[in-house]
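*Asks:* The structure under discussion is supplied below as structure tokens; questions concerning it will follow.
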Amino acid sequence: MSSSGRPVKAALARGCMEQYEVLYTGKDYTQITSAFTKSVRFDGPSLTAWMSSLSATDYNNIRVCFGVYTNEFQKEYAANLKETSIGRLTAFLCAYNDDTPAKYVSAAKRDGDPDDGDPNDGDPNDGDPDDGDPDDGDVDPFNMGSLEP
């Protein structure tokens, strides 16, 4: 099951990044060895679409943030992420404004599809303040590339 990359929910990405800190500051070398990832490959057109969507944000820099896939993340993205990916190291591309996560500043589509324009398509990060999403307005990180090996 190959994936080319796509925006992912900020809260789930943060959980993976927190797990990375726990794993790599601990002393369990078995977990560290099983998390090994040499690289993460992203498809050019998918990454370009995400980068284009940033024109509707206040970003001024991109950070490559490391994370370890969690059970919650895998369940949310099960169609694109194998269960064997749980515990694997990955990279998230995160848009920032100086030292703060970037925010959307226009009503543009927030799921990386700038041609869609529909803010009510079921995307929980679409700016709807009534959908219970604590990340409304945050730019979703880019992830879901192919882990290699």
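Going by the structure tokens order, chains are called A, B, ..., each with residues numbered from 1, while ligands are numbered from 1 in the order shown.
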Which polymer residues have any atom within 10 Å of an atom of segment 65-73 of chain A, counting only C-alpha atoms, with same-chain residues fewer than 6 positions away left out, as a PyMOL selection string?

*Replies:* chain A and resi 8-9+11-24+35-36+81+83-94+141

*Asks:* Quick one: everything within 10 Å of Tyr59 of chain A, counting only C-alpha atoms, minus sequence neighbours fewer than 2 positions away in the same chain. Send it as an MDAnalysis selection string.

*Replies:* chainID A and resid 54:57 61:62 94:98 100:105 139

*Asks:* Between A:Ala49, A:Asn80, A:Thr25, A:Lys75, which is the closest to Met144 of chain A once you count only C-alpha atoms?

*Replies:*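 Among the listed residues, A:Asn80 lies closest to Met144 of chain A.
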
*Asks:* Among segment 10-88 of chain A, which ones does DSSP place in alpha helix (DSSP H), written as a count of residues only?

*Replies:* 38

*Asks:* From the set A:Ser106, A:Ser52, A:Arg41, A:Ser34, which residue has the shortest atom-to-atom contact distance to Asp138 of chain A, counting only C-alpha atoms?

*Replies:*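 Nearest candidate to Asp138 of chain A out of A:Ser106, A:Ser52, A:Arg41, A:Ser34: A:Ser106.
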
*Asks:* Work out how far apart atom CA of Asp58 of chain A and atom CA of Phe142 of chain A are and give it in Å to one decimal.

*Replies:*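 Separation of atom CA of Asp58 of chain A and atom CA of Phe142 of chain A: 16.3 Å.
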
*Asks:* Could you tell me how far atom CA of Asp99 of chain A lies from atom CA of Ile32 of chain A, in Å and to one decimal?

*Replies:*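 Computing the Euclidean distance for atom CA of Asp99 of chain A and atom CA of Ile32 of chain A yields 28.4 Å.
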